[in-house]
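Chemist: Structure: entry16.csv, CSV, C-alpha atoms.
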chain,number,residue,atom,x,y,z
S,1,MET,CA,38.8,-7.8,77.0
S,2,LEU,CA,40.0,-5.3,74.5
S,3,THR,CA,40.4,-8.0,71.8
S,4,ILE,CA,36.8,-9.3,72.4
S,5,LYS,CA,35.4,-5.7,72.2
S,6,SER,CA,37.2,-4.9,69.0
S,7,ARG,CA,36.0,-8.2,67.5
S,8,VAL,CA,32.4,-7.4,68.4
S,9,ALA,CA,32.7,-3.9,67.1
S,10,GLY,CA,34.3,-5.1,63.8
S,11,GLY,CA,31.5,-7.7,63.4
S,12,CYS,CA,28.8,-5.1,63.9
S,13,ALA,CA,30.4,-2.7,61.4
S,14,ARG,CA,30.7,-5.5,58.9
S,15,SER,CA,27.1,-6.6,59.2
S,16,ARG,CA,26.0,-3.0,58.7
S,17,LEU,CA,28.1,-2.8,55.6
S,18,VAL,CA,26.6,-6.0,54.3
S,19,LEU,CA,23.1,-4.6,55.0
S,20,LEU,CA,24.0,-1.5,53.1
S,21,VAL,CA,25.2,-3.5,50.1
S,22,ALA,CA,22.0,-5.5,50.1
S,23,ALA,CA,19.9,-2.4,50.4
S,24,SER,CA,21.8,-0.7,47.5
S,25,LEU,CA,21.3,-3.7,45.3
S,26,VAL,CA,17.6,-3.7,46.1
S,27,LEU,CA,17.5,0.0,45.4
S,28,SER,CA,19.1,-0.5,42.0
S,29,LEU,CA,16.3,-2.8,41.1
S,30,ALA,CA,13.5,-0.9,42.7
S,31,SER,CA,13.8,2.2,40.5
S,32,GLY,CA,10.2,1.7,39.4
S,33,CYS,CA,8.3,5.0,38.9
S,34,VAL,CA,8.1,5.4,35.2
S,35,PHE,CA,6.6,8.5,33.6
S,36,SER,CA,6.4,8.6,29.9
S,37,LYS,CA,4.8,11.0,27.4
S,38,GLN,CA,4.3,10.6,23.6
S,39,VAL,CA,3.5,13.6,21.5
S,40,THR,CA,2.5,13.0,17.8
S,41,ASN,CA,2.5,15.7,15.2
S,42,ALA,CA,3.3,18.6,17.6
S,43,HIS,CA,3.9,20.8,14.5
S,44,VAL,CA,0.1,21.0,14.1
S,45,LEU,CA,0.1,23.2,17.2
S,46,GLU,CA,2.2,25.8,15.3
S,47,LEU,CA,-0.3,26.1,12.4
S,48,ASP,CA,-1.5,29.7,12.2
S,49,SER,CA,-5.2,29.3,11.8
S,50,SER,CA,-5.8,33.1,12.0
S,51,ARG,CA,-4.7,33.1,8.3
S,52,ILE,CA,-7.7,31.0,7.3
S,53,VAL,CA,-10.5,33.3,6.2
S,54,VAL,CA,-13.9,31.7,6.1
S,55,GLY,CA,-15.5,32.3,2.8
S,56,GLU,CA,-12.2,33.1,1.0
S,57,THR,CA,-9.5,30.6,1.7
S,58,THR,CA,-9.5,27.6,-0.6
S,59,ALA,CA,-8.4,24.0,-0.2
S,60,LEU,CA,-5.5,24.6,-2.4
S,61,ASP,CA,-4.4,27.6,-0.3
S,62,VAL,CA,-4.5,25.3,2.8
S,63,LEU,CA,-2.5,22.5,1.0
S,64,ASN,CA,0.2,25.0,-0.2
S,65,SER,CA,0.6,26.5,3.3
S,66,TRP,CA,0.2,23.5,5.6
S,67,GLY,CA,0.6,20.4,3.4
S,68,PRO,CA,-1.9,17.6,3.4
S,69,PRO,CA,-3.3,16.3,6.7
S,70,ALA,CA,-1.6,13.2,8.1
S,71,PRO,CA,-2.6,10.4,10.4
S,72,THR,CA,-1.5,10.3,14.0
S,73,ASP,CA,-0.3,6.7,14.2
S,74,PRO,CA,1.7,4.5,11.7
S,75,LEU,CA,-1.2,2.1,11.4
S,76,GLY,CA,-3.3,4.9,10.1
S,77,LEU,CA,-1.1,4.8,7.0
S,78,LEU,CA,-2.6,1.4,6.1
S,79,GLN,CA,-6.2,2.3,6.6
S,80,PRO,CA,-7.5,4.6,3.9
S,81,ALA,CA,-10.7,5.2,5.8
S,82,SER,CA,-9.1,6.4,9.0
S,83,PRO,CA,-9.3,10.0,10.1
S,84,GLY,CA,-6.3,12.0,8.8
S,85,HIS,CA,-5.8,10.0,5.7
S,86,PHE,CA,-5.7,12.5,3.0
S,87,VAL,CA,-8.2,12.2,0.1
S,88,PRO,CA,-8.2,15.0,-2.4
S,89,GLY,CA,-11.6,16.3,-3.1
S,90,SER,CA,-12.6,15.6,0.5
S,91,ARG,CA,-14.8,18.3,2.0
S,92,VAL,CA,-13.1,18.0,5.4
S,93,TYR,CA,-9.4,18.3,6.4
S,94,ARG,CA,-8.5,17.3,9.9
S,95,TYR,CA,-5.1,18.3,11.3
S,96,VAL,CA,-4.5,16.5,14.6
S,97,SER,CA,-1.8,16.5,17.3
S,98,LYS,CA,-2.1,13.7,19.8
S,99,GLU,CA,-0.6,13.3,23.3
S,100,LYS,CA,-0.4,10.2,25.5
S,101,ARG,CA,0.8,10.2,29.1
S,102,CYS,CA,1.6,6.9,31.0
S,103,ALA,CA,2.7,6.1,34.5
S,104,SER,CA,3.6,2.8,36.0
S,105,PHE,CA,5.4,1.2,38.9
S,106,LEU,CA,7.9,-1.5,37.8
S,107,ALA,CA,11.1,-2.9,39.0
S,108,LEU,CA,13.7,-2.2,36.4
S,109,ALA,CA,17.1,-3.7,35.8
S,110,PRO,CA,19.9,-2.4,33.6
S,111,ILE,CA,20.2,-4.6,30.6
S,112,ASP,CA,22.5,-3.4,27.8
S,113,GLY,CA,22.5,0.0,29.3
S,114,ALA,CA,18.7,0.4,29.2
S,115,PRO,CA,16.2,0.1,32.0
S,116,VAL,CA,14.2,-3.1,31.3
S,117,PRO,CA,11.1,-4.0,33.4
S,118,VAL,CA,11.7,-7.3,35.2
S,119,MET,CA,8.9,-7.3,37.7
S,120,PRO,CA,5.9,-5.2,38.3
S,121,ILE,CA,5.7,-3.6,41.7
S,122,LEU,CA,2.1,-2.8,40.9
S,123,PRO,CA,0.6,-4.7,37.9
S,124,PHE,CA,-0.9,-1.6,36.4
S,125,LEU,CA,-0.2,0.9,33.6
S,126,TRP,CA,-2.1,4.1,33.7
S,127,CYS,CA,-2.4,6.0,30.4
S,128,ASP,CA,-4.4,8.9,29.1
S,129,ASP,CA,-4.4,9.2,25.3
S,130,GLN,CA,-6.1,12.2,23.8
S,131,PRO,CA,-6.2,14.3,20.6
S,132,ALA,CA,-4.5,17.3,22.3
S,133,TYR,CA,-5.3,19.7,19.4
S,134,VAL,CA,-7.7,19.1,16.5
S,135,LEU,CA,-8.1,21.7,13.7
S,136,VAL,CA,-11.0,20.9,11.3
S,137,LEU,CA,-11.6,22.7,8.0
S,138,GLU,CA,-14.8,22.2,6.1
S,139,PHE,CA,-15.2,23.2,2.5
S,140,ASP,CA,-18.1,23.9,0.3
S,141,GLU,CA,-18.7,22.5,-3.2
S,142,GLY,CA,-16.4,25.1,-4.6
S,143,GLY,CA,-13.5,24.1,-2.3
S,144,VAL,CA,-13.8,27.3,-0.2
S,145,VAL,CA,-13.6,27.1,3.6
S,146,LYS,CA,-17.0,27.3,5.1
S,147,ARG,CA,-16.3,26.4,8.7
S,148,VAL,CA,-13.2,26.2,11.0
S,149,SER,CA,-13.3,24.3,14.2
S,150,LYS,CA,-10.5,24.1,16.8
S,151,GLY,CA,-10.6,21.8,19.8
S,152,THR,CA,-8.1,21.3,22.6
S,153,THR,CA,-8.3,18.4,25.1
S,154,GLN,CA,-6.0,18.3,28.1
S,155,THR,CA,-4.2,15.1,28.9
S,156,VAL,CA,-4.0,14.2,32.6
S,157,TRP,CA,-1.6,12.0,34.7
S,158,ARG,CA,-3.5,9.0,35.9
S,159,PRO,CA,-4.0,7.8,38.5
S,160,TRP,CA,-3.5,11.1,40.3
S,161,SER,CA,-6.0,12.9,38.0
S,162,SER,CA,-9.2,11.6,36.5
S,163,GLY,CA,-11.0,12.3,33.3
S,164,SER,CA,-13.2,14.8,35.1
S,165,ASP,CA,-10.2,17.0,35.7
S,166,ARG,CA,-9.7,17.3,32.0
S,167,GLU,CA,-10.1,20.7,30.3
S,168,VAL,CA,-11.8,20.6,26.9
S,169,ARG,CA,-12.3,23.6,24.7
S,170,ILE,CA,-14.0,23.9,21.3
S,171,GLU,CA,-14.1,27.0,19.1
S,172,THR,CA,-15.9,27.2,15.8
S,173,THR,CA,-16.1,29.9,13.2
S,174,ALA,CA,-18.6,29.6,10.3
S,175,MET,CA,-19.7,31.5,7.2
S,176,ARG,CA,-23.0,33.3,7.5
S,177,GLY,CA,-25.9,31.0,6.8
S,178,VAL,CA,-23.8,27.9,7.9
S,179,SER,CA,-25.1,26.5,11.1
S,180,LEU,CA,-22.8,25.7,14.0
S,181,PRO,CA,-22.7,22.1,15.2
T,1,MET,CA,41.5,-10.7,53.1
T,2,SER,CA,42.2,-8.1,55.7
T,3,SER,CA,39.3,-6.2,57.3
T,4,ARG,CA,40.5,-3.0,55.7
T,5,SER,CA,40.5,-4.4,52.2
T,6,LEU,CA,37.2,-6.1,52.8
T,7,ARG,CA,35.7,-2.8,54.0
T,8,ALA,CA,37.0,-1.1,50.8
T,9,VAL,CA,35.4,-3.8,48.7
T,10,LEU,CA,32.1,-3.4,50.5
T,11,VAL,CA,32.2,0.4,50.3
T,12,SER,CA,32.8,0.1,46.6
T,13,LEU,CA,29.9,-2.2,46.2
T,14,VAL,CA,27.6,0.2,48.1
T,15,ALA,CA,28.8,3.1,45.9
T,16,ALA,CA,28.3,1.0,42.7
T,17,GLY,CA,24.8,0.0,43.9
T,18,LEU,CA,23.8,3.6,44.6
T,19,LEU,CA,25.3,5.0,41.4
T,20,LEU,CA,24.1,2.2,39.1
T,21,PRO,CA,20.5,3.4,39.0
T,22,VAL,CA,21.6,6.8,38.0
T,23,PHE,CA,23.4,5.6,34.9
T,24,THR,CA,21.2,2.7,33.9
T,25,GLY,CA,18.4,4.6,32.2
T,26,CYS,CA,19.9,6.8,29.5
T,27,ALA,CA,18.5,5.2,26.3
T,28,MET,CA,17.8,6.8,23.0
T,29,GLN,CA,15.7,5.2,20.3
T,30,ARG,CA,14.8,6.3,16.8
T,31,GLN,CA,12.3,4.9,14.4
T,32,ARG,CA,11.9,6.1,10.8
T,33,ILE,CA,8.8,5.3,8.8
T,34,ASN,CA,8.9,4.4,5.1
T,35,ILE,CA,11.4,7.0,3.7
T,36,GLU,CA,14.9,7.7,4.9
T,37,ASN,CA,15.8,11.4,4.8
T,38,PRO,CA,12.5,12.4,3.3
T,39,TYR,CA,13.0,16.1,2.9
T,40,THR,CA,16.3,15.7,1.0
T,41,ARG,CA,14.6,13.2,-1.3
T,42,ILE,CA,11.5,15.2,-1.9
T,43,ALA,CA,13.7,18.2,-2.8
T,44,LYS,CA,15.2,16.1,-5.6
T,45,VAL,CA,11.7,15.8,-7.3
T,46,ARG,CA,11.7,18.6,-9.9
T,47,THR,CA,8.3,19.9,-11.2
T,48,GLY,CA,8.2,19.9,-14.9
T,49,GLU,CA,11.2,17.6,-15.2
T,50,THR,CA,11.0,14.4,-13.1
T,51,ARG,CA,9.0,11.6,-14.6
T,52,VAL,CA,6.7,9.3,-12.7
T,53,GLU,CA,9.0,6.3,-13.5
T,54,GLU,CA,11.8,8.0,-11.5
T,55,LEU,CA,9.8,8.6,-8.3
T,56,THR,CA,10.4,5.2,-6.7
T,57,ALA,CA,14.1,5.5,-7.2
T,58,ILE,CA,14.2,9.1,-5.9
T,59,LEU,CA,12.0,8.6,-2.9
T,60,GLY,CA,13.1,5.1,-2.1
T,61,THR,CA,9.7,3.6,-1.6
T,62,ALA,CA,6.5,2.9,-3.6
T,63,PRO,CA,3.5,5.2,-3.1
T,64,SER,CA,0.9,4.3,-0.4
T,65,SER,CA,-1.8,4.9,-2.9
T,66,ILE,CA,-2.5,6.5,-6.3
T,67,ILE,CA,-5.6,8.7,-6.6
T,68,PRO,CA,-7.3,10.5,-9.4
T,69,VAL,CA,-6.9,14.3,-9.5
T,70,PRO,CA,-9.5,15.8,-11.7
T,71,PRO,CA,-9.7,16.3,-14.6
T,72,ASP,CA,-7.0,14.1,-16.0
T,73,LYS,CA,-4.1,13.9,-13.5
T,74,GLU,CA,-3.0,11.4,-10.9
T,75,GLY,CA,-1.8,11.9,-7.4
T,76,TYR,CA,0.9,9.7,-5.9
T,77,VAL,CA,0.5,9.6,-2.2
T,78,TYR,CA,3.5,8.9,0.0
T,79,SER,CA,3.5,8.5,3.8
T,80,TYR,CA,6.6,8.9,6.0
T,81,GLY,CA,7.5,9.8,9.5
T,82,ASP,CA,10.0,9.9,12.3
T,83,SER,CA,10.0,9.1,16.0
T,84,LYS,CA,12.5,9.9,18.7
T,85,THR,CA,12.5,8.5,22.3
T,86,TRP,CA,14.8,9.5,25.1
T,87,THR,CA,14.6,7.6,28.4
T,88,LEU,CA,16.4,8.8,31.5
T,89,GLY,CA,16.4,6.5,34.5
T,90,MET,CA,17.4,7.7,38.0
T,91,ILE,CA,16.9,6.3,41.5
T,92,PHE,CA,13.2,5.7,42.0
T,93,LEU,CA,12.2,7.8,39.0
T,94,ASN,CA,12.4,7.2,35.3
T,95,PHE,CA,11.3,9.7,32.7
T,96,SER,CA,10.7,9.1,29.0
T,97,LYS,CA,9.4,11.2,26.2
T,98,THR,CA,8.6,10.2,22.6
T,99,ASN,CA,8.2,12.8,19.8
T,100,THR,CA,6.6,11.4,16.7
T,101,GLY,CA,5.8,13.1,13.4
T,102,ILE,CA,3.9,11.5,10.6
T,103,ASP,CA,3.5,13.2,7.2
T,104,THR,CA,1.8,12.8,3.8
T,105,ALA,CA,3.3,13.9,0.5
T,106,ILE,CA,1.3,14.1,-2.7
T,107,VAL,CA,3.1,14.2,-6.1
T,108,VAL,CA,0.7,15.3,-8.8
T,109,VAL,CA,1.5,13.9,-12.2
T,110,ASP,CA,0.1,15.1,-15.5
T,111,ARG,CA,-1.2,13.1,-18.4
T,112,GLY,CA,2.2,12.9,-19.9
T,113,GLY,CA,3.7,11.3,-16.7
T,114,VAL,CA,5.6,14.4,-15.7
T,115,VAL,CA,5.5,15.8,-12.2
T,116,GLU,CA,3.4,18.9,-12.0
T,117,LYS,CA,3.3,19.7,-8.3
T,118,VAL,CA,4.6,18.3,-5.0
T,119,ILE,CA,2.8,19.0,-1.7
T,120,HIS,CA,4.2,17.7,1.5
T,121,GLY,CA,3.8,18.1,5.3
T,122,THR,CA,6.5,18.9,7.8
T,123,ASN,CA,5.3,17.2,11.0
T,124,SER,CA,8.4,15.0,11.1
T,125,LYS,CA,11.0,17.7,10.4
T,126,ASP,CA,13.6,18.5,13.1
T,127,LEU,CA,11.9,16.5,15.9
T,128,PRO,CA,13.7,17.3,19.2
T,129,TRP,CA,15.2,14.8,21.6
T,130,GLN,CA,13.5,15.3,24.9
T,131,PHE,CA,13.3,13.2,28.1
T,132,TRP,CA,11.1,15.4,30.3
T,133,PRO,CA,7.5,14.3,30.1
T,134,PHE,CA,5.9,17.1,32.2
T,135,GLY,CA,4.6,20.5,31.1
T,136,GLY,CA,3.8,22.0,27.7
T,137,GLU,CA,4.4,20.0,24.5
If you took the structure in this file and wrote it as structure tokens, what would it be?

Modeler:
Amino acid sequence: MLTIKSRVAGGCARSRLVLLVAASLVLSLASGCVFSKQVTNAHVLELDSSRIVVGETTALDVLNSWGPPAPTDPLGLLQPASPGHFVPGSRVYRYVSKEKRCASFLALAPIDGAPVPVMPILPFLWCDDQPAYVLVLEFDEGGVVKRVSKGTTQTVWRPWSSGSDREVRIETTAMRGVSLP
Amino acid sequence: MSSRSLRAVLVSLVAAGLLLPVFTGCAMQRQRINIENPYTRIAKVRTGETRVEELTAILGTAPSSIIPVPPDKEGYVYSYGDSKTWTLGMIFLNFSKTNTGIDTAIVVVDRGGVVEKVIHGTNSKDLPWQFWPFGGE
């Protein structure tokens, strides 16, 4: 009797262990909530626009202090007409910082030490890509700042937040006689 | 195999299965655009001394474009950048953050082919390695 009981108890413990092993293997593959954020040109957020005096600051002053505006994606380097591509003599300089937030649910497996998606738990990727901060300087014919516009756009975590939750702010300072947009 | 050693093997497998997700996701990735060590190279361009023929050798790349700078100068436009990604994977959750900086540099060259001025951005300077995607920047 004792022998039968111990065999049954041992068998139950073993099958529990096997279940645990199977569960842990499944868990290792089921690490699938992925949150990622990409910030481009964060340095633009540190530009001190209070030093720009409408009607006095020139384009050369801006270039010497901040450098020329730059695109926010590598492809923008190949497209001369894209926003942010610097053209001397241009009457508008746009300094832009961009932010992109993405969330997805994937089954990941460790391959070469990095998590590689092997199967989508849900076949969706939610992203929100916005120009988080835009600083626009407009110059007159003489190269003097005539208008400064600052805009901030909040990026949200989809699908938990929608575009209507987004906070957008725009602030414009212009010379006298120059109309606001 | 005795039941004790079998149990030890199974416990080890359980532990490995639980710990594996914690250590699978630490990955760091870096991407440089056009110019390697741009700020060191740009510092080597001397105004009043460096000639236009030396720019490609110093900066390590050709200009993205050449534009007229009135009245009689030329601007050599260079684009460069850097991108750092850190991914951290844990049980059920994985975090990743990419910091990217893209810059434009303009080298103004006079009629004699001598560099007169260098203007460059610093978006891609000292980008931090970060894995936490929530909050602030």

Chemist: Mind giving me the straight-line distance from atom CA of Gly163 of chain S to atom CA of Asp128 of chain S in Å, one decimal?

Modeler: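 The value is 8.5 Å.
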
Chemist: Residues within 9 Å of Leu10 of chain T, please, as a ChimeraX atom specification. Count only C-alpha atoms; anything in the same chain fewer than 3 positions from it doesn't count.

Modeler: /S:14,17-18,20-21 /T:5-7,13-15

Chemist: What does the distance between atom CA of Thr104 of chain T and atom CA of Lys146 of chain S come to in Å, to one decimal place?

Modeler: 23.8 Å

Chemist: To one decimal in Å, tell me the separation between atom CA of Tyr80 of chain T and atom CA of Ile119 of chain T.

Modeler: 13.3 Å

Chemist: Which residue out of S:Leu19, S:Val53, S:Ala70, S:Val62 has the minimum interatomic distance to chain T when all atoms listed in the file are used?

Modeler: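 Using all atoms listed in the file, chain T sits closest to S:Ala70.
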
Chemist: Fewer than 3 positions away in the same chain doesn't count, so skip those; otherwise give me all residues within 12 Å of segment 48-51 of chain T, counting all atoms listed in the file, as a list in words.

Modeler: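 These residues fall inside the cut-off: Ile42, Ala43, Lys44, Val45, Glu54, Leu55, Thr56, Ala57, Ile58, Leu59, Val107, Val108, Val109, Asp110, Arg111, Gly112, Gly113, Val114, Val115, Glu116, Lys117 and Val118 of chain T.
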
Chemist: Could you tell me which of T:Asn37, T:Ser2, T:Ser96, T:Ser65 comes closest to chain S if we count only C-alpha atoms?

Modeler: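 Closest to chain S of all the choices is T:Ser96.
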
Chemist: Compile the contact shell of Ile66 of chain T as a PyMOL selection string: residues with an atom at most 8 Å away, counting all atoms listed in the file, same-chain residues fewer than 3 positions apart removed.

Modeler: chain T and resi 63+74-77

Chemist: Nearest to Ser97 of chain S: which of S:Glu56, S:Glu171, S:Asp129, S:Glu141 is it, counting only C-alpha atoms?

Modeler: S:Asp129

Chemist: Using all atoms listed in the file, can you tell me which of S:Arg147, S:Lys100, S:Arg91, S:Arg51 comes closest to Ala174 of chain S?

Modeler: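 Smallest distance to Ala174 of chain S is found for S:Arg147.
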
Chemist: Using all atoms listed in the file, can you tell me which of T:Pro38, T:Gly101, T:Gly81, T:Pro133 comes closest to Gly60 of chain T?

Modeler: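 Between T:Pro38, T:Gly101, T:Gly81, T:Pro133, the residue approaching Gly60 of chain T most closely is T:Pro38.
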